[in-house]
Each structure stands twice: as C-alpha cells, then as structure tokens.
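Notes to accompany the following structure.
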Amino acid sequence: MRKKWTIGIAAGLALTLAACSSGNNNPQQSPAAEKSNTSATAEATTKKVTITTLEGTWSSIPGPDGDGLKRLNEKFNVDYKPQFVPYDQLTSKLPVAMASGDLADVIGMESVDANFVKWAKQGAFLRLNDYIDNYPMLKAIPKSVWDAVTVDGQIYALPHYFPAKYGKKAVIRQDWLDQLGLAMPTNYEELKKVAVAFTKDDPDQNGINDTYGFGLSKQIVYGAAMGAAWDTGWYHKNDQGQYIPGMISESFKEQTQFLADLYKEGALHKDWAVTKNTDVRTDFYAGKYGIWYEQPTGIDQNWFKTMKEQVPGAEIAVIPAFKQADGEQGFTALSGYYTITMLNAKLKDEPDKVDRYLQMQDYFRTFIPVDERNPQNPEYDWQWGGVDVGYKMVNGSVVVEPPPATEKRPTAYMKVVNWAPNDEANEPAKMLADPFAKSFADSTVELLKNTKFYINPVNRISSEVLMSKGSELDMLLQEWQTKMIVGQEQVSDWDKMVDEYMNKGGKEVIDDVNRLLNDGGIAGEWK
C-alpha cells in the first residue's frame, strides 16, 4: 500500500539531501574525511580512464559539455561520460540496453526490484564484496543496508544514503489540542476522541463547522500507523512462527477499525477515497484538518509560512509512537537508502577503472557538517560550482542556483549523497529559513533522536516472489480495507480478506520471504 508514496517522498528528499551535501578534503575537515579523500585526487592517479554511465534521475539533466563535468574530469583524471534518463523512462530503456549487451560501465537504478535480482544472478553486475574495505565511506554503510543489495551472498550494488528515521510521521495541531483542553493522544481510543473533537467542537473558534479531525487520501495514504506494530512492515508472526506483512495483522485490523469509526463520526472527509494526498496537504496547511503527516527533511517552507500567516498561533507537533501490547514503543525505520549503483561485470578485468570510480564514489559520499558548507570550504565551493556561480549564500544558508547554473556544478554529474554518520548529523533545521518550519524540524529531530526504530527485515532481502506478486496483493488488501473504512465491508470480516490474500499468492510470498530470512539469519530488530 505504501510503496508508491514512499518512493515519491524519497525522490523529493533525496534531491534536498543532495543539494545540501558535500565531500571535503581541505585541511579543516574531519579526520575521517581527510582519510577518505586523500586518495581521491588527480595527483594520486596517473592513468586516464574512460567511464560511461546509464543512470536515472528525477532532477534536471545537465548538458554533456558543462563546466562541472570538465572539472570532474580534471580532478579525477577521467573521461567521464554520464547518461541520465528520467526514472519513468529508465524502466523501459535499461532492459533494452541489458539485452543488447552494450551496457555502460556504471548502471543506476531507483530501487532493488525483480530485474535487479535477475540481472545480478545472470552475472551482469560486478561483485563488490572484495572492494568495500578499501574505501572508508563504503565501509561506513551498515550491514542492514548492504543486505538489501545482496543476492546469494554477494553484494552487487552501492546503495545511496537516505535517512531511516525521517519518513512521514503523523502530526497534530498542538494549538487545537490546547484550545480544547485535550492532551496528546497515547492510544487509538484517545486519538479517536481527539479527532472527533477536532471535527465537532470548533477547534479554530471561527463558529463554522468546517474542520475535520484526520486527513486521509485515496489509496489510504498515509494511513494511521502510530508505531511499528500497526505499520505495513513485517513485524508480527503467524502461528507457524513466520513473519507476516503488516497489512494482514491484527494490529492493522485495529488501525482499520479506528479509521472506520472516524468515517462514521464524520471525522474523515466523506470523499477521502477519491481525494489526492496533495489536496489534503493543501487543506491541512489551510487549517481544515487537525491531523496529517509531515517530516523534518525536504520541507517546503512555503506551507509553514502560509499557515502561520493565516493562523499566527498555529503549532504543529509529531504524535509520539503509541506503546504496543508487547511493551515496545517506536516507529518503523525506512530502508536507509534510496537509489543504487551497479558496476558492469566486465570491469573485473579493468581494476584501474573500478578503483577510480570507487574513489569518486568515496569522495562524494564523505560527510561534511552543515556548518562547514560554505565558500570558505574550498572543496564544497568546488563541488557546487563556486559561490555566485553554481550557488549563492543567503542569510548564511546555501541556495542552489537553478538551470543553467546546474552545469557549473560537478555534483550535477556525480549524483551521490553524503553518507551521514547518523540521521541527526543532517541538522535539517539549519537548512531552513522560515522560523515556524525551523522550529518544527528542530522539535521533530529531538523527539525522534530519543525514539526507537524497528528495522523491517523484509528490506534486507530480495524475494523475487514478493517482487512479482506484492503490488497486486497490496492492491487487493487496499481495496478490502477501503471498503471496510467506508462501511461497504465489515471489519469483522477481516479473516475473509486474509484468506483471499493467502489463496491468491500471499502464502507463497510469506513462505519465500521467511525462507530467505532464515537462510540469511535475518530477523526484525529494534534500534
């Protein structure tokens, strides 16, 4: 149910992370960065190599003769020839390139999918296990992320950093709670009471019945998972001790009943099932909904600015995770990566080319603290095309210049995100100018810093059965649950839904996922 919107969020956030990230090899940087980047200079390389790529992107595509590319070639002593294709076109272009045998040296994909697994098993990609320890920033990638790009015990891709903690979280109008004398909800019964009050008790005090307690849009985006136990991840086990997808669990049934109750009370908009999530977002920031979803990174500050202009007293807070029946309390972590890069298996016979490219990866992955991202840092300045050329400084913050300045930046051609030592190191509030947005990001990061996160075990394996059947089965469950929420089906018929899921391929999916988890010694864990 959530894969489509998760990828959308990831795409937007990845662009934000890239825009405020950099490597650094100047004398003022951290020791780890110095170690990583010492080998990543043209002086350390004597043989010029040609490197071709075929990669996807959601951002603007730079021209083939930009100054940024020339600088990249000079620094690393390469003839770098990147080819970028919009991701929605790459899915059709890449299989053609693969079938022709005329494959680039470097291949980029948006995520691990059935094609990735198939091509890895067919020997199309270089095995990377023996290279990782030679590059500090590759060594920094946690095993749980490496597992996601491992097929039959071999690592076939370089995953790119994405903060695991900062996905969408339910947020609430704190000023509405205060206005109605209500406390922050800690369970679904309290949350229902709050949502109904937000709908019926005029929380904005305008004397008009024009508010809704809870924002929900078609495809049940973003649901109402107030912790890992109620989420779509593989947290629960069946009677056979197998992990099962969250969408068929008893806890998800509880969440669905909660939403059905809200619909009966009028706390959900009557047309939610045909409403775009972007429209609900607009209405939330216009003061029509009391509960919606937001994240501390990739924030569009204009929404916060607009809300504060309309309602100066508006305050937004993340709803902390509810305590679960098993005593745990926390959210499901995201996978920890977004987009992957593979090397052509033919490069096994070209060690210089492999080393040069991995040097480049290591260099651009090196984390630089937010406070050091400025023109005084010569490496940062170089990577982003130079101050007042590729970027400018506004009130102490970096503002990336729009096209055609894109082609001035080496980072436009080497689309690699820093690998942060931890999510908190991103300091998203420092990237924001609007005081309301900055305050929200600060408080959210502080809350999540002290929150436990569940590592979803299914993100660490590549089940071809799940990849081939998962989307269709998710749609089946989504259709059932949508009807349950609006009263066309009864939540009490949950077992009928589960039976249909199992009979249409769900059992096969569960068996295959658990086989892979057992073979890999992988289990769900809290961190």
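Letters A, B, ... go to the chains of the structure tokens in the order shown; residues in each chain start at 1; ligands are counted from 1 in the same order.
The shell of residues at most 12 Å from A:Asn395, with only C-alpha atoms counted and near chain neighbours (fewer than 4 positions) removed, consists of Asn374, Val399, Lys430, Met431, Leu432, Ala433 and Asp434 of chain A.
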Would you mind exporting N, CA, C and O atoms of the selected residues as a PDB file, in the first residue's frame?
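The resulting file, out-v8.pdb, is shown below:
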```pdb
ATOM      1  N   ASN A 374      30.064  26.046   2.995  1.00  0.00           N
ATOM      2  CA  ASN A 374      30.118  27.466   2.671  1.00  0.00           C
ATOM      3  C   ASN A 374      31.313  27.733   1.754  1.00  0.00           C
ATOM      4  O   ASN A 374      32.143  26.849   1.513  1.00  0.00           O
ATOM      5  N   VAL A 399      21.931  28.476  -1.170  1.00  0.00           N
ATOM      6  CA  VAL A 399      20.798  28.412  -2.080  1.00  0.00           C
ATOM      7  C   VAL A 399      21.342  28.003  -3.444  1.00  0.00           C
ATOM      8  O   VAL A 399      22.162  28.716  -4.031  1.00  0.00           O
ATOM      9  N   LYS A 430      18.826  23.579  10.247  1.00  0.00           N
ATOM     10  CA  LYS A 430      19.783  24.592   9.813  1.00  0.00           C
ATOM     11  C   LYS A 430      19.661  24.907   8.331  1.00  0.00           C
ATOM     12  O   LYS A 430      20.213  25.905   7.859  1.00  0.00           O
ATOM     13  N   MET A 431      18.952  24.053   7.614  1.00  0.00           N
ATOM     14  CA  MET A 431      18.767  24.290   6.186  1.00  0.00           C
ATOM     15  C   MET A 431      17.510  25.103   5.909  1.00  0.00           C
ATOM     16  O   MET A 431      17.187  25.370   4.750  1.00  0.00           O
ATOM     17  N   LEU A 432      16.804  25.500   6.962  1.00  0.00           N
ATOM     18  CA  LEU A 432      15.532  26.191   6.806  1.00  0.00           C
ATOM     19  C   LEU A 432      15.635  27.638   7.271  1.00  0.00           C
ATOM     20  O   LEU A 432      16.307  27.932   8.259  1.00  0.00           O
ATOM     21  N   ALA A 433      14.940  28.526   6.578  1.00  0.00           N
ATOM     22  CA  ALA A 433      14.937  29.943   6.940  1.00  0.00           C
ATOM     23  C   ALA A 433      13.673  30.339   7.694  1.00  0.00           C
ATOM     24  O   ALA A 433      13.712  31.191   8.577  1.00  0.00           O
ATOM     25  N   ASP A 434      12.537  29.717   7.355  1.00  0.00           N
ATOM     26  CA  ASP A 434      11.273  30.071   7.994  1.00  0.00           C
ATOM     27  C   ASP A 434      11.286  29.636   9.459  1.00  0.00           C
ATOM     28  O   ASP A 434      11.524  28.463   9.760  1.00  0.00           O
TER      29      ASP A 434
END
```
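On the backbone of this structure, DSSP gives strand (DSSP E or B) within stretch 42-155 of chain A to Val49, Thr50, Ile51, Thr52, Thr53, Leu54, Glu55, Gly56, Thr57, Val78, Asp79, Tyr80, Lys81, Pro82, Gln83, Phe84, Val85, Pro86, Val106, Ile107, Gly108, Met109, Phe125, Thr150, Val151, Gln154 and Ile155 of chain A.
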So the first atom is atom CA of A:Lys218 and the second is atom CA of A:Lys270; what is the distance between them in Å, to one decimal place?
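Pair atom CA of A:Lys218 / atom CA of A:Lys270 returns 11.4 Å.
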Just give me the gap between atom CA of A:Gly123 and atom CA of A:Lys93 in Å, one decimal is fine.
19.2 Å
Any idea what's packed within 12 Å of stretch 492-506 of chain A, counting only C-alpha atoms, ignoring anything in its chain fewer than 3 positions away? Could you give it as a ChimeraX atom specification?
/A:238,244-254,256-257,260,465-485,487-489,509-513
Among the residues of stretch 307-427 of chain A, find those DSSP assigns to helix (DSSP H, G or I) from the backbone and print them as number ranges by chain.
A: 307-310, 345-349, 351-365, 370-372, 378-383, 405-408, 410-412, 423-426
Can you work out which one of A:Ile368, A:Ile208, A:Ile51, A:Val486 has the shortest atom-to-atom distance to A:Asp271, counting only C-alpha atoms?
A:Val486
Excluding A:Ser217 and any residue of its chain fewer than 3 positions from it, enumerate the residues within 6 Å of it, using only C-alpha atoms, and give them as a PyMOL selection string.
chain A and resi 220-221+272-273+275-277
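The shortest atom-to-atom distance to A:Ala333, with only C-alpha atoms taken into account, belongs to A:Lys168 out of A:Arg373, A:Lys70, A:Lys168, A:Lys139.
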Could you pull the residues within 7 Å of A:Tyr289, counting only C-alpha atoms, minus those fewer than 3 positions along the same chain, as an MDAnalysis selection string?
chainID A and resid 211:215 283:284
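Distance annotation: of A:Lys165, A:Lys308, A:Lys346, A:Lys288, the residue with the minimal separation from A:Asp423 is A:Lys165; atom set is only C-alpha atoms.
Across A:Ala148, A:Met98, A:Leu180, A:Val85, the tightest approach to A:Val112 is made by A:Ala148 when counting only C-alpha atoms.
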